[in-house]
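Participant: Pasting in a structure now, in structure tokens, and then I'll have a few things to ask.
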Amino acid sequence: MKRILVTGAFGQIGSELVIKLREEYGKDHVLATDIRTSNGEAVDSGPFEILDVTNGEKMLETAKNFKADTIIHLAAMLSAVAETKPLLAWHLNMGGLINALETARELNLKLFVPSSIGAFGPSTPKSKTPQTTVQRPETMYGINKVSGELLCDYYFKKYQVDTRGVRFPGLISYAAPPGGGTTDYAVEIYYEAVQKGTYTSFIKKGTYLDMMYMPDALQAIIHLMEADPERLKHRNAYNITAMSIGPEHIAEEIKKHIPDFSIQYKPDPIRQKIAESWPNSLDDACARAEWGFKTEYDLPKMTADMLDKIKAQLGRSPS
Ligand code: NAD
């Protein structure tokens with residue numbers, strides 16, 4: 001990667017990824033684009049343009065003018081919001097993706113497209129979910145993600161577009177708020193622990209889901225995009241994970257830092273149903289074997305860092 005265009009750059013992933021890419025590839029070599037502006041470092045630290053990904057002509061023109069060699073396509077509607085606006089989700093998630101694929105085909109660009117644990121469904125094996133297995137999701141988001149994986153395979157096989165992707169688990173971070181996904185509770189819990197000392201989880205105790213801390217997710221994107229293409233047998237999309245946990249496990253870990261912290265459970269029917277249709281734990285052996293995927297953060301290390309960073313953000317003294 002030398003000149004990288006990022007779509008949806010001010011969301012939970014993009015607002016940290018843009019900064020990391022600029023550190024590694026040069027600040028003028030990373031163009032941040034989004035349908036809206038933001039007042040964070042991702043805007044101030046380098047070039048930025050408004051780009052609605054449903055406008056294919058504008059995407060092509062923007063990539064051409066920037067002389068991009070890579071697109072990292074992050075603009076999307078996430079699982080819980082997509083369930084309330086399924087037609088809009090289809091329009092954004094599939095329309096934006098086909099425009100990114102066509103731009104990559106016309107200009108011969110590399111393309112990163114994130115899939116998700118949401119690409120699996122209730123009939124998928126729940127534990128150690130294999131790389132290649134049943135994918136019959138019942139949410140609009142999941143249907144978009146499976147269709148996206150297949151479309152990326154299609155463009156690679158038919159047009160040799162260098163498409164690559166991972167199935168992200170729930171991502172935990174403190175720099176930008178999550179965008180309406182089912183795993184957002186795993187971010188909220190840390191903020192409320194620091195601010196209120198208590199949290200009411202919209203996901204039930206005992207609901208296991210895969211999770212990952214943002215620094216590991218950013219590293220995974222860069223590793224995969226720089227990997228030797230000859231080794232990529234499952235390019236769209238690799239299972240990756242760092243931990244398989246329920247809300248009670250995060251709560252127990254938080255208590256080690258904030259002993260009076262308490263958790264209650266008031267499940268939200270829509271998000272609980274989505275969570276129960278997703279795997280408990282993914283098997284990420286293919287990612288490890290084919291491009292050396294690895295993680296640095298487990299639950300204790302992530303929790304210590306999250307609490308310190310949130311306290312600093314809110315002007316509280318560290319533990
Ligand atoms: P987010 O919701 O935080 O950010 C999405 C960004 O897209 C926002 O900044 C939004 O303004 C922008 N956007 C919306 N409509 C747009 C349009 N028409 N044109 C251009 N930009 C538009 O999402 P995120 O968490 O950063 O996720 C990025 C990608 O990673 C998505 O494909 C998502 O499905 C995938 N993913 C995320 C997670 C997670 O836990 N965050 C997990 C699995 C997969």
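Within each chain, counting starts at residue 1; across the structure tokens, chains are named A, B, ... in the order shown, with ligands numbered 1 upward in that order.
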Kindly assemble as a tab-separated table a list of the chain A residues that lie within 6 Å of ligand 1, each paired with its nearest atom pair and their distance in Å to one decimal, using only C-alpha atoms and all ligand atoms, sorted first by chain and then by ascending residue number.
Facilitator:
```
residue	atom	partner	partner_atom_place_in_ligand_line	distance
A:Thr7	CA	ligand 1	21 (N)	5.9
A:Gly8	CA	ligand 1	7 (O)	3.5
A:Ala9	CA	ligand 1	9 (O)	5.6
A:Phe10	CA	ligand 1	9 (O)	4.0
A:Gly11	CA	ligand 1	4 (O)	3.2
A:Gln12	CA	ligand 1	3 (O)	3.8
A:Ile13	CA	ligand 1	26 (O)	3.8
A:Gly14	CA	ligand 1	26 (O)	5.4
A:Asp34	CA	ligand 1	21 (N)	4.1
A:Ile35	CA	ligand 1	20 (C)	4.2
A:Arg36	CA	ligand 1	11 (O)	5.6
A:Leu51	CA	ligand 1	20 (C)	5.5
A:Asp52	CA	ligand 1	19 (N)	3.4
A:Val53	CA	ligand 1	19 (N)	4.0
A:Thr54	CA	ligand 1	18 (N)	5.5
A:Leu74	CA	ligand 1	28 (C)	4.2
A:Ala75	CA	ligand 1	7 (O)	3.6
A:Ala76	CA	ligand 1	32 (O)	4.8
A:Met77	CA	ligand 1	2 (O)	5.9
A:Leu78	CA	ligand 1	34 (O)	5.2
A:Leu92	CA	ligand 1	18 (N)	5.9
A:Pro114	CA	ligand 1	30 (O)	5.1
A:Ser115	CA	ligand 1	44 (C)	5.4
A:Ser116	CA	ligand 1	43 (C)	4.2
A:Phe168	CA	ligand 1	43 (C)	4.2
A:Pro169	CA	ligand 1	42 (C)	5.2
A:Gly170	CA	ligand 1	40 (O)	3.9
A:Leu171	CA	ligand 1	40 (O)	3.8
A:Pro178	CA	ligand 1	3 (O)	5.0
A:Gly179	CA	ligand 1	2 (O)	3.5
```
Participant: For those residues, write N, CA, C and O atoms to a file as a compact mmCIF listing (two decimals), in the first residue's frame.
Facilitator:
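Dumped to part_4.txt:
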```txt
# COMPACT_ATOMS: atom_id res chain seq x y z
N THR A 7 -12.85 4.93 3.10
CA THR A 7 -14.25 5.40 3.14
C THR A 7 -14.80 5.20 4.56
O THR A 7 -14.27 4.38 5.32
N GLY A 8 -15.82 5.94 4.91
CA GLY A 8 -16.41 5.83 6.27
C GLY A 8 -15.35 6.06 7.33
O GLY A 8 -15.33 5.41 8.38
N ALA A 9 -14.47 7.06 7.06
CA ALA A 9 -13.23 7.22 7.83
C ALA A 9 -13.42 7.77 9.24
O ALA A 9 -12.47 7.78 10.02
N PHE A 10 -14.64 8.26 9.57
CA PHE A 10 -14.79 8.85 10.91
C PHE A 10 -15.63 7.98 11.84
O PHE A 10 -16.10 8.42 12.89
N GLY A 11 -15.79 6.71 11.48
CA GLY A 11 -16.49 5.78 12.35
C GLY A 11 -15.55 5.22 13.40
O GLY A 11 -14.42 5.70 13.60
N GLN A 12 -16.03 4.16 14.07
CA GLN A 12 -15.26 3.58 15.19
C GLN A 12 -13.88 3.08 14.71
O GLN A 12 -12.88 3.32 15.37
N ILE A 13 -13.83 2.40 13.58
CA ILE A 13 -12.55 1.87 13.10
C ILE A 13 -11.75 2.97 12.40
O ILE A 13 -10.58 3.19 12.69
N GLY A 14 -12.40 3.68 11.48
CA GLY A 14 -11.69 4.63 10.62
C GLY A 14 -10.99 5.73 11.40
O GLY A 14 -9.86 6.11 11.06
N ASP A 34 -15.64 10.58 4.13
CA ASP A 34 -16.84 10.18 4.87
C ASP A 34 -17.99 11.02 4.34
O ASP A 34 -17.76 12.03 3.66
N ILE A 35 -19.21 10.64 4.68
CA ILE A 35 -20.39 11.43 4.26
C ILE A 35 -20.55 12.66 5.15
O ILE A 35 -21.32 13.56 4.85
N ARG A 36 -19.80 12.71 6.25
CA ARG A 36 -19.90 13.82 7.21
C ARG A 36 -18.49 14.22 7.61
O ARG A 36 -17.55 13.45 7.39
N LEU A 51 -17.26 12.18 0.82
CA LEU A 51 -17.59 11.21 -0.23
C LEU A 51 -18.72 10.31 0.25
O LEU A 51 -18.58 9.59 1.24
N ASP A 52 -19.84 10.37 -0.49
CA ASP A 52 -20.96 9.44 -0.24
C ASP A 52 -20.69 8.21 -1.08
O ASP A 52 -20.66 8.28 -2.32
N VAL A 53 -20.51 7.05 -0.44
CA VAL A 53 -20.10 5.85 -1.18
C VAL A 53 -21.18 5.32 -2.12
O VAL A 53 -20.90 4.46 -2.95
N THR A 54 -22.42 5.82 -1.96
CA THR A 54 -23.46 5.37 -2.89
C THR A 54 -23.35 6.12 -4.23
O THR A 54 -24.08 5.80 -5.17
N LEU A 74 -14.81 1.22 4.61
CA LEU A 74 -15.40 1.03 5.94
C LEU A 74 -16.84 1.55 6.04
O LEU A 74 -17.53 1.24 7.02
N ALA A 75 -17.29 2.35 5.07
CA ALA A 75 -18.64 2.93 5.18
C ALA A 75 -19.68 1.83 5.15
O ALA A 75 -19.70 1.00 4.23
N ALA A 76 -20.54 1.77 6.16
CA ALA A 76 -21.56 0.73 6.22
C ALA A 76 -22.57 1.09 7.30
O ALA A 76 -22.31 1.95 8.14
N MET A 77 -23.72 0.38 7.27
CA MET A 77 -24.67 0.48 8.38
C MET A 77 -24.52 -0.80 9.20
O MET A 77 -24.52 -1.90 8.66
N LEU A 78 -24.40 -0.65 10.53
CA LEU A 78 -24.11 -1.79 11.40
C LEU A 78 -25.37 -2.57 11.81
O LEU A 78 -26.48 -2.15 11.55
N LEU A 92 -27.04 1.09 1.27
CA LEU A 92 -25.70 1.58 1.64
C LEU A 92 -24.67 0.44 1.59
O LEU A 92 -23.61 0.59 0.99
N PRO A 114 -14.25 -5.16 5.23
CA PRO A 114 -14.46 -5.96 6.43
C PRO A 114 -15.78 -6.71 6.39
O PRO A 114 -16.83 -6.12 6.11
N SER A 115 -15.72 -8.01 6.68
CA SER A 115 -16.94 -8.75 6.96
C SER A 115 -17.07 -8.80 8.49
O SER A 115 -16.45 -7.99 9.19
N SER A 116 -17.83 -9.75 9.01
CA SER A 116 -18.17 -9.71 10.43
C SER A 116 -18.60 -11.09 10.91
O SER A 116 -19.01 -11.93 10.10
N PHE A 168 -14.51 -9.45 11.24
CA PHE A 168 -14.20 -8.87 12.54
C PHE A 168 -15.18 -9.37 13.59
O PHE A 168 -16.39 -9.48 13.33
N PRO A 169 -14.67 -9.61 14.81
CA PRO A 169 -15.57 -9.82 15.94
C PRO A 169 -16.01 -8.43 16.45
O PRO A 169 -15.73 -7.42 15.80
N GLY A 170 -16.66 -8.35 17.59
CA GLY A 170 -17.01 -7.06 18.18
C GLY A 170 -15.72 -6.32 18.53
O GLY A 170 -14.82 -6.90 19.12
N LEU A 171 -15.66 -5.04 18.15
CA LEU A 171 -14.42 -4.28 18.39
C LEU A 171 -14.62 -3.33 19.57
O LEU A 171 -15.62 -2.61 19.64
N PRO A 178 -18.95 3.48 19.16
CA PRO A 178 -19.39 2.47 18.20
C PRO A 178 -20.64 2.92 17.46
O PRO A 178 -21.40 3.76 17.95
N GLY A 179 -20.86 2.35 16.26
CA GLY A 179 -21.88 2.90 15.36
C GLY A 179 -23.20 2.17 15.32
O GLY A 179 -23.87 2.19 14.30
```
Participant: Do a neighbour search on region 270-272 of chain A at 9 Å with only C-alpha atoms, toss out local chain neighbours closer than 2 positions, and write the hits as a ChimeraX atom specification.
Facilitator: /A:79-80,83,181-183,202-204,207,267-268,274-277
Participant: Restricted to all heavy atoms, what would the selected residues look like written as a compact mmCIF listing (two decimals), in the first residue's frame?
Facilitator:
```
# COMPACT_ATOMS: atom_id res chain seq x y z
N SER A 79 -25.14 -3.69 12.50
CA SER A 79 -26.19 -4.71 12.65
C SER A 79 -27.49 -4.22 13.28
O SER A 79 -28.58 -4.46 12.74
CB SER A 79 -25.65 -5.90 13.45
OG SER A 79 -25.19 -5.47 14.73
N ALA A 80 -27.40 -3.55 14.45
CA ALA A 80 -28.63 -3.21 15.16
C ALA A 80 -29.41 -2.13 14.41
O ALA A 80 -30.64 -2.20 14.28
CB ALA A 80 -28.31 -2.74 16.58
N GLU A 83 -31.18 -3.52 11.27
CA GLU A 83 -32.42 -4.26 11.54
C GLU A 83 -33.62 -3.34 11.63
O GLU A 83 -34.75 -3.76 11.41
CB GLU A 83 -32.24 -5.04 12.85
CG GLU A 83 -32.40 -6.54 12.80
CD GLU A 83 -32.35 -7.20 11.45
OE1 GLU A 83 -31.38 -7.01 10.69
OE2 GLU A 83 -33.29 -7.90 11.14
N GLY A 181 -23.87 -1.30 16.66
CA GLY A 181 -23.74 -2.74 16.49
C GLY A 181 -24.25 -3.48 17.73
O GLY A 181 -24.55 -2.86 18.75
N THR A 182 -24.29 -4.81 17.61
CA THR A 182 -24.81 -5.64 18.71
C THR A 182 -23.81 -5.74 19.86
O THR A 182 -24.18 -5.98 21.00
CB THR A 182 -25.14 -7.04 18.12
OG1 THR A 182 -26.08 -6.83 17.07
CG2 THR A 182 -25.70 -7.99 19.15
N THR A 183 -22.52 -5.55 19.54
CA THR A 183 -21.48 -5.69 20.58
C THR A 183 -21.13 -4.35 21.24
O THR A 183 -20.17 -4.27 22.00
CB THR A 183 -20.21 -6.34 19.97
OG1 THR A 183 -19.82 -5.58 18.83
CG2 THR A 183 -20.47 -7.78 19.57
N PHE A 202 -27.53 -4.62 27.82
CA PHE A 202 -28.65 -4.99 26.94
C PHE A 202 -28.46 -6.39 26.36
O PHE A 202 -29.27 -6.87 25.58
CB PHE A 202 -28.88 -3.94 25.85
CG PHE A 202 -27.71 -3.69 24.92
CD1 PHE A 202 -27.39 -4.60 23.93
CD2 PHE A 202 -26.96 -2.52 25.03
CE1 PHE A 202 -26.33 -4.37 23.05
CE2 PHE A 202 -25.90 -2.28 24.16
CZ PHE A 202 -25.59 -3.21 23.17
N ILE A 203 -27.35 -7.04 26.74
CA ILE A 203 -27.10 -8.43 26.35
C ILE A 203 -27.09 -9.28 27.63
O ILE A 203 -26.52 -8.88 28.64
CB ILE A 203 -25.74 -8.53 25.61
CG1 ILE A 203 -25.81 -7.80 24.25
CG2 ILE A 203 -25.31 -10.00 25.42
CD1 ILE A 203 -26.75 -8.38 23.23
N LYS A 204 -27.73 -10.47 27.56
CA LYS A 204 -27.87 -11.33 28.74
C LYS A 204 -26.55 -11.90 29.21
O LYS A 204 -25.67 -12.18 28.38
CB LYS A 204 -28.73 -12.55 28.36
CG LYS A 204 -30.18 -12.43 28.59
CD LYS A 204 -30.80 -13.82 28.31
CE LYS A 204 -32.24 -13.66 27.85
NZ LYS A 204 -32.74 -14.84 27.17
N THR A 207 -24.08 -14.82 27.39
CA THR A 207 -24.08 -14.74 25.92
C THR A 207 -22.64 -14.52 25.45
O THR A 207 -22.12 -13.40 25.52
CB THR A 207 -24.98 -13.57 25.43
OG1 THR A 207 -26.24 -13.64 26.10
CG2 THR A 207 -25.17 -13.61 23.93
N PRO A 267 -32.06 -7.28 28.90
CA PRO A 267 -31.81 -7.57 27.49
C PRO A 267 -32.75 -6.80 26.55
O PRO A 267 -33.95 -6.68 26.83
CB PRO A 267 -32.05 -9.07 27.37
CG PRO A 267 -31.99 -9.60 28.76
CD PRO A 267 -32.38 -8.49 29.68
N ASP A 268 -32.16 -6.29 25.47
CA ASP A 268 -32.93 -5.66 24.40
C ASP A 268 -33.27 -6.77 23.41
O ASP A 268 -32.36 -7.43 22.90
CB ASP A 268 -32.06 -4.57 23.75
CG ASP A 268 -32.58 -4.19 22.38
OD1 ASP A 268 -33.80 -4.05 22.22
OD2 ASP A 268 -31.76 -4.03 21.45
N ILE A 274 -30.07 -11.08 17.85
CA ILE A 274 -28.93 -11.06 16.91
C ILE A 274 -27.74 -11.78 17.56
O ILE A 274 -27.11 -12.65 16.94
CB ILE A 274 -28.54 -9.61 16.52
CG1 ILE A 274 -29.68 -8.91 15.78
CG2 ILE A 274 -27.28 -9.61 15.67
CD1 ILE A 274 -29.44 -7.44 15.45
N ALA A 275 -27.44 -11.41 18.80
CA ALA A 275 -26.26 -11.98 19.49
C ALA A 275 -26.37 -13.50 19.57
O ALA A 275 -25.38 -14.22 19.38
CB ALA A 275 -26.12 -11.39 20.89
N GLU A 276 -27.59 -14.00 19.85
CA GLU A 276 -27.76 -15.46 19.98
C GLU A 276 -27.63 -16.17 18.64
O GLU A 276 -27.39 -17.38 18.61
CB GLU A 276 -29.12 -15.77 20.62
CG GLU A 276 -29.08 -15.50 22.12
CD GLU A 276 -30.43 -15.63 22.80
OE1 GLU A 276 -31.37 -16.16 22.18
OE2 GLU A 276 -30.53 -15.20 23.96
N SER A 277 -27.75 -15.44 17.54
CA SER A 277 -27.61 -16.08 16.22
C SER A 277 -26.15 -16.11 15.76
O SER A 277 -25.84 -16.68 14.73
CB SER A 277 -28.47 -15.36 15.18
OG SER A 277 -27.87 -14.14 14.78
```
Participant: How would you write, as number ranges by chain, the set of residues in region 16-236 of chain A that DSSP gives as strand (DSSP E)?
Facilitator: A: 30-34, 48-50, 70-73, 110-112, 115-116, 162-164, 166-168, 170-172, 198-201, 209-213
Participant: Could you check which of A:Val194, A:Leu21, A:Met225, A:Leu218 is closest to Arg316 (chain A), using only C-alpha atoms?
Facilitator: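 Selected residue with least distance to Arg316 (chain A): A:Val194.
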Participant: Quick one: everything within 8 Å of Ile172 (chain A), counting only C-alpha atoms, minus sequence neighbours fewer than 3 positions away in the same chain. Send it as a list in words.
Facilitator: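 Within the cut-off, the hits are Asp184, Ala186, Val187, Met211, Met212, Tyr213 and Met214 of chain A.
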Participant: Could the residues in this selection be written to a file with N, CA, C and O atoms, as a PDB file, in the first residue's frame?
Facilitator:
```pdb
ATOM      1  N   ASP A 184     -21.905  -3.296  20.960  1.00  0.00           N
ATOM      2  CA  ASP A 184     -21.617  -1.966  21.539  1.00  0.00           C
ATOM      3  C   ASP A 184     -21.598  -1.994  23.069  1.00  0.00           C
ATOM      4  O   ASP A 184     -20.984  -1.139  23.704  1.00  0.00           O
ATOM      5  N   ALA A 186     -20.044  -3.805  24.963  1.00  0.00           N
ATOM      6  CA  ALA A 186     -18.694  -4.069  25.463  1.00  0.00           C
ATOM      7  C   ALA A 186     -17.826  -2.808  25.476  1.00  0.00           C
ATOM      8  O   ALA A 186     -16.733  -2.809  26.046  1.00  0.00           O
ATOM      9  N   VAL A 187     -18.305  -1.736  24.843  1.00  0.00           N
ATOM     10  CA  VAL A 187     -17.649  -0.423  24.959  1.00  0.00           C
ATOM     11  C   VAL A 187     -18.345   0.388  26.058  1.00  0.00           C
ATOM     12  O   VAL A 187     -17.704   0.925  26.961  1.00  0.00           O
ATOM     13  N   MET A 211     -14.605 -11.037  20.651  1.00  0.00           N
ATOM     14  CA  MET A 211     -14.281  -9.603  20.768  1.00  0.00           C
ATOM     15  C   MET A 211     -12.800  -9.403  20.469  1.00  0.00           C
ATOM     16  O   MET A 211     -11.995 -10.336  20.548  1.00  0.00           O
ATOM     17  N   MET A 212     -12.440  -8.139  20.214  1.00  0.00           N
ATOM     18  CA  MET A 212     -11.027  -7.796  19.952  1.00  0.00           C
ATOM     19  C   MET A 212     -10.816  -6.325  20.317  1.00  0.00           C
ATOM     20  O   MET A 212     -11.717  -5.485  20.110  1.00  0.00           O
ATOM     21  N   TYR A 213      -9.632  -6.021  20.837  1.00  0.00           N
ATOM     22  CA  TYR A 213      -9.293  -4.620  21.137  1.00  0.00           C
ATOM     23  C   TYR A 213      -8.821  -3.942  19.844  1.00  0.00           C
ATOM     24  O   TYR A 213      -8.142  -4.571  19.018  1.00  0.00           O
ATOM     25  N   MET A 214      -9.164  -2.663  19.688  1.00  0.00           N
ATOM     26  CA  MET A 214      -8.920  -1.969  18.420  1.00  0.00           C
ATOM     27  C   MET A 214      -7.468  -2.030  17.926  1.00  0.00           C
ATOM     28  O   MET A 214      -7.246  -2.223  16.716  1.00  0.00           O
TER      29      MET A 214
END
```
Participant: Which distance in Å separates CA of Ile310 (chain A) and CA of Ala175 (chain A), to one decimal?
Facilitator: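 Computed distance, CA of Ile310 (chain A) to CA of Ala175 (chain A), equals 8.9 Å.
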Participant: According to DSSP computed on the backbone, where in region 187-305 of chain A is there helix (DSSP H, G or I)? Give the residues as an mmCIF file with C-alpha atoms, in the first residue's frame.
Facilitator:
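Listed below is the output, result27.cif:
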```
data_model
loop_
_atom_site.group_PDB
_atom_site.id
_atom_site.type_symbol
_atom_site.label_atom_id
_atom_site.label_comp_id
_atom_site.auth_asym_id
_atom_site.auth_seq_id
_atom_site.Cartn_x
_atom_site.Cartn_y
_atom_site.Cartn_z
ATOM 1 C CA VAL A 187 -17.649 -0.423 24.959
ATOM 2 C CA GLU A 188 -20.468 1.200 26.972
ATOM 3 C CA ILE A 189 -19.702 -0.961 30.016
ATOM 4 C CA TYR A 190 -16.236 0.601 30.416
ATOM 5 C CA TYR A 191 -17.530 4.188 30.141
ATOM 6 C CA GLU A 192 -20.340 3.600 32.626
ATOM 7 C CA ALA A 193 -17.980 1.787 35.003
ATOM 8 C CA VAL A 194 -15.793 4.913 35.146
ATOM 9 C CA GLN A 195 -18.628 7.456 35.118
ATOM 10 C CA MET A 214 -8.920 -1.969 18.420
ATOM 11 C CA PRO A 215 -5.075 -1.937 18.247
ATOM 12 C CA ASP A 216 -5.153 -5.638 17.261
ATOM 13 C CA ALA A 217 -7.871 -4.967 14.664
ATOM 14 C CA LEU A 218 -5.850 -2.144 13.051
ATOM 15 C CA GLN A 219 -2.726 -4.304 12.974
ATOM 16 C CA ALA A 220 -4.723 -7.124 11.354
ATOM 17 C CA ILE A 221 -5.879 -4.827 8.512
ATOM 18 C CA ILE A 222 -2.315 -3.716 7.774
ATOM 19 C CA HIS A 223 -0.861 -7.249 8.060
ATOM 20 C CA LEU A 224 -3.442 -8.683 5.699
ATOM 21 C CA MET A 225 -3.071 -5.878 3.149
ATOM 22 C CA GLU A 226 0.726 -6.265 3.129
ATOM 23 C CA PRO A 229 -0.958 -12.640 -2.199
ATOM 24 C CA GLU A 230 0.309 -16.118 -3.110
ATOM 25 C CA ARG A 231 -0.380 -17.279 0.449
ATOM 26 C CA PRO A 247 -20.805 -9.348 29.717
ATOM 27 C CA GLU A 248 -20.158 -10.950 33.126
ATOM 28 C CA HIS A 249 -16.514 -11.648 32.205
ATOM 29 C CA ILE A 250 -15.877 -7.988 31.400
ATOM 30 C CA ALA A 251 -17.665 -7.019 34.635
ATOM 31 C CA GLU A 252 -15.450 -9.370 36.710
ATOM 32 C CA GLU A 253 -12.330 -7.901 35.126
ATOM 33 C CA ILE A 254 -13.522 -4.312 35.721
ATOM 34 C CA LYS A 255 -14.120 -5.170 39.409
ATOM 35 C CA PRO A 269 -34.951 -8.194 22.356
ATOM 36 C CA ILE A 270 -33.560 -7.157 18.934
ATOM 37 C CA ARG A 271 -29.883 -7.150 19.917
ATOM 38 C CA GLN A 272 -30.191 -10.245 22.133
ATOM 39 C CA LYS A 273 -31.727 -12.195 19.228
ATOM 40 C CA ILE A 274 -28.928 -11.063 16.913
ATOM 41 C CA ALA A 275 -26.257 -11.984 19.489
ATOM 42 C CA GLU A 276 -27.759 -15.456 19.976
ATOM 43 C CA SER A 277 -27.611 -16.082 16.220
ATOM 44 C CA ALA A 285 -6.340 -20.905 12.272
ATOM 45 C CA CYS A 286 -6.436 -19.964 8.543
ATOM 46 C CA ALA A 287 -5.595 -16.297 9.267
ATOM 47 C CA ARG A 288 -2.727 -17.380 11.543
ATOM 48 C CA ALA A 289 -1.347 -19.819 8.934
ATOM 49 C CA GLU A 290 -1.811 -17.734 5.773
ATOM 50 C CA TRP A 291 -0.702 -14.243 6.853
ATOM 51 C CA LEU A 299 -9.253 -9.418 28.438
ATOM 52 C CA PRO A 300 -7.093 -8.321 31.437
ATOM 53 C CA LYS A 301 -4.638 -6.292 29.320
ATOM 54 C CA MET A 302 -7.438 -4.680 27.314
ATOM 55 C CA THR A 303 -9.460 -3.814 30.430
ATOM 56 C CA ALA A 304 -6.512 -2.126 32.152
ATOM 57 C CA ASP A 305 -5.804 -0.060 29.040
#
```
Participant: Pick out the residues sitting within 6 Å of Asn239 (chain A), and hand them over as a PyMOL selection string; count only C-alpha atoms, and ignore anything fewer than 4 positions along from it in its own chain.
Facilitator: chain A and resi 131+167+284
Participant: Go ahead and save the residues from that selection, with N, CA and C atoms, as an mmCIF file, in the first residue's frame.
Facilitator:
```cif
data_model
loop_
_atom_site.group_PDB
_atom_site.id
_atom_site.type_symbol
_atom_site.label_atom_id
_atom_site.label_comp_id
_atom_site.auth_asym_id
_atom_site.auth_seq_id
_atom_site.Cartn_x
_atom_site.Cartn_y
_atom_site.Cartn_z
ATOM 1 N N GLN A 131 -13.506 -21.771 9.417
ATOM 2 C CA GLN A 131 -13.374 -20.752 8.362
ATOM 3 C C GLN A 131 -14.456 -20.950 7.292
ATOM 4 N N ARG A 167 -13.332 -11.334 8.923
ATOM 5 C CA ARG A 167 -14.601 -11.296 9.662
ATOM 6 C C ARG A 167 -14.255 -10.766 11.042
ATOM 7 N N ASP A 284 -9.667 -19.183 14.164
ATOM 8 C CA ASP A 284 -8.940 -18.272 13.265
ATOM 9 C C ASP A 284 -7.624 -18.887 12.749
#
```
Participant: Return as JSON lines the residues of region 136-251 of chain A lying at most 12 Å from region 124-129 of chain A, together with the closest atom-to-atom pair for each and the distance in Å to one decimal, counting only C-alpha atoms, with rows in chain order and ascending residue number.
Facilitator:
```
{"residue": "A:Arg136", "atom": "CA", "partner": "A:Thr124", "partner_atom": "CA", "distance": 7.4}
{"residue": "A:Pro137", "atom": "CA", "partner": "A:Thr124", "partner_atom": "CA", "distance": 8.6}
{"residue": "A:Glu138", "atom": "CA", "partner": "A:Thr124", "partner_atom": "CA", "distance": 11.4}
{"residue": "A:Arg167", "atom": "CA", "partner": "A:Thr129", "partner_atom": "CA", "distance": 11.7}
{"residue": "A:Thr207", "atom": "CA", "partner": "A:Lys126", "partner_atom": "CA", "distance": 11.6}
{"residue": "A:Tyr208", "atom": "CA", "partner": "A:Lys126", "partner_atom": "CA", "distance": 9.7}
{"residue": "A:Leu209", "atom": "CA", "partner": "A:Lys126", "partner_atom": "CA", "distance": 9.8}
{"residue": "A:Asp210", "atom": "CA", "partner": "A:Ser127", "partner_atom": "CA", "distance": 10.5}
{"residue": "A:Tyr238", "atom": "CA", "partner": "A:Thr129", "partner_atom": "CA", "distance": 11.7}
{"residue": "A:Asn239", "atom": "CA", "partner": "A:Thr129", "partner_atom": "CA", "distance": 8.6}
{"residue": "A:Ile240", "atom": "CA", "partner": "A:Thr129", "partner_atom": "CA", "distance": 10.6}
{"residue": "A:Thr241", "atom": "CA", "partner": "A:Lys128", "partner_atom": "CA", "distance": 10.6}
{"residue": "A:Met243", "atom": "CA", "partner": "A:Lys128", "partner_atom": "CA", "distance": 11.7}
{"residue": "A:Ser244", "atom": "CA", "partner": "A:Ser127", "partner_atom": "CA", "distance": 9.8}
```
Participant: Using C-alpha atoms, can you write the selected residues to a file as a compact mmCIF listing (two decimals), in the first residue's frame?
Facilitator:
```
# COMPACT_ATOMS: atom_id res chain seq x y z
CA ARG A 136 -27.36 -18.59 6.66
CA PRO A 137 -27.68 -15.33 8.67
CA GLU A 138 -31.19 -14.03 9.39
CA ARG A 167 -14.60 -11.30 9.66
CA THR A 207 -24.08 -14.74 25.92
CA TYR A 208 -20.62 -15.48 24.55
CA LEU A 209 -19.34 -13.45 21.60
CA ASP A 210 -15.94 -12.96 20.01
CA TYR A 238 -10.71 -14.55 7.31
CA ASN A 239 -12.10 -15.50 10.72
CA ILE A 240 -10.15 -13.55 13.36
CA THR A 241 -10.69 -13.23 17.10
CA MET A 243 -11.29 -13.51 23.06
CA SER A 244 -14.67 -15.20 23.51
```
Participant: Measuring between only C-alpha atoms, which one of A:Met1, A:Ile117, A:Val6, A:Met94 shows the shortest distance to Pro130 (chain A)?
Facilitator: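 Ranking A:Met1, A:Ile117, A:Val6, A:Met94 by distance to Pro130 (chain A), first place goes to A:Ile117.
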Participant: Near Ala82 (chain A), within 10 Å and counting only C-alpha atoms, which residues show up once chain neighbours fewer than 4 positions away are dropped, as a ChimeraX atom specification?
Facilitator: /A:76-78,86-90,92-93,139-142,144,180-181
Participant: Counting only C-alpha atoms, which of A:Ala42, A:Val18, A:Ala104, A:Val30 gets nearest to Met59 (chain A)?
Facilitator: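 Ranked by minimum distance to Met59 (chain A), first place goes to A:Ala104.
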Participant: Under the rule that only C-alpha atoms are counted, which of A:Ile258, A:Ala242, A:Ala312, A:Ala176 is the nearest residue to Asn39 (chain A)?
Facilitator: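 Among A:Ile258, A:Ala242, A:Ala312, A:Ala176, it is A:Ala176 that comes nearest to Asn39 (chain A).
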Participant: Do you have the CA of Ala100 (chain A)-CA of His73 (chain A) distance handy?
Facilitator: 7.1 Å
Participant: Between CA of Pro47 (chain A) and CA of Lys27 (chain A), what is the spacing in Å?
Facilitator: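 Computing the Euclidean distance for CA of Lys27 (chain A) and CA of Pro47 (chain A) yields 7.8 Å.
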Participant: Excluding same-chain residues fewer than 5 positions from Ser262 (chain A), what lies within 7 Å of it counting only C-alpha atoms, as a list in words?
Facilitator: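 These residues fall inside the cut-off: Gly197, Thr198 and Tyr199 of chain A.
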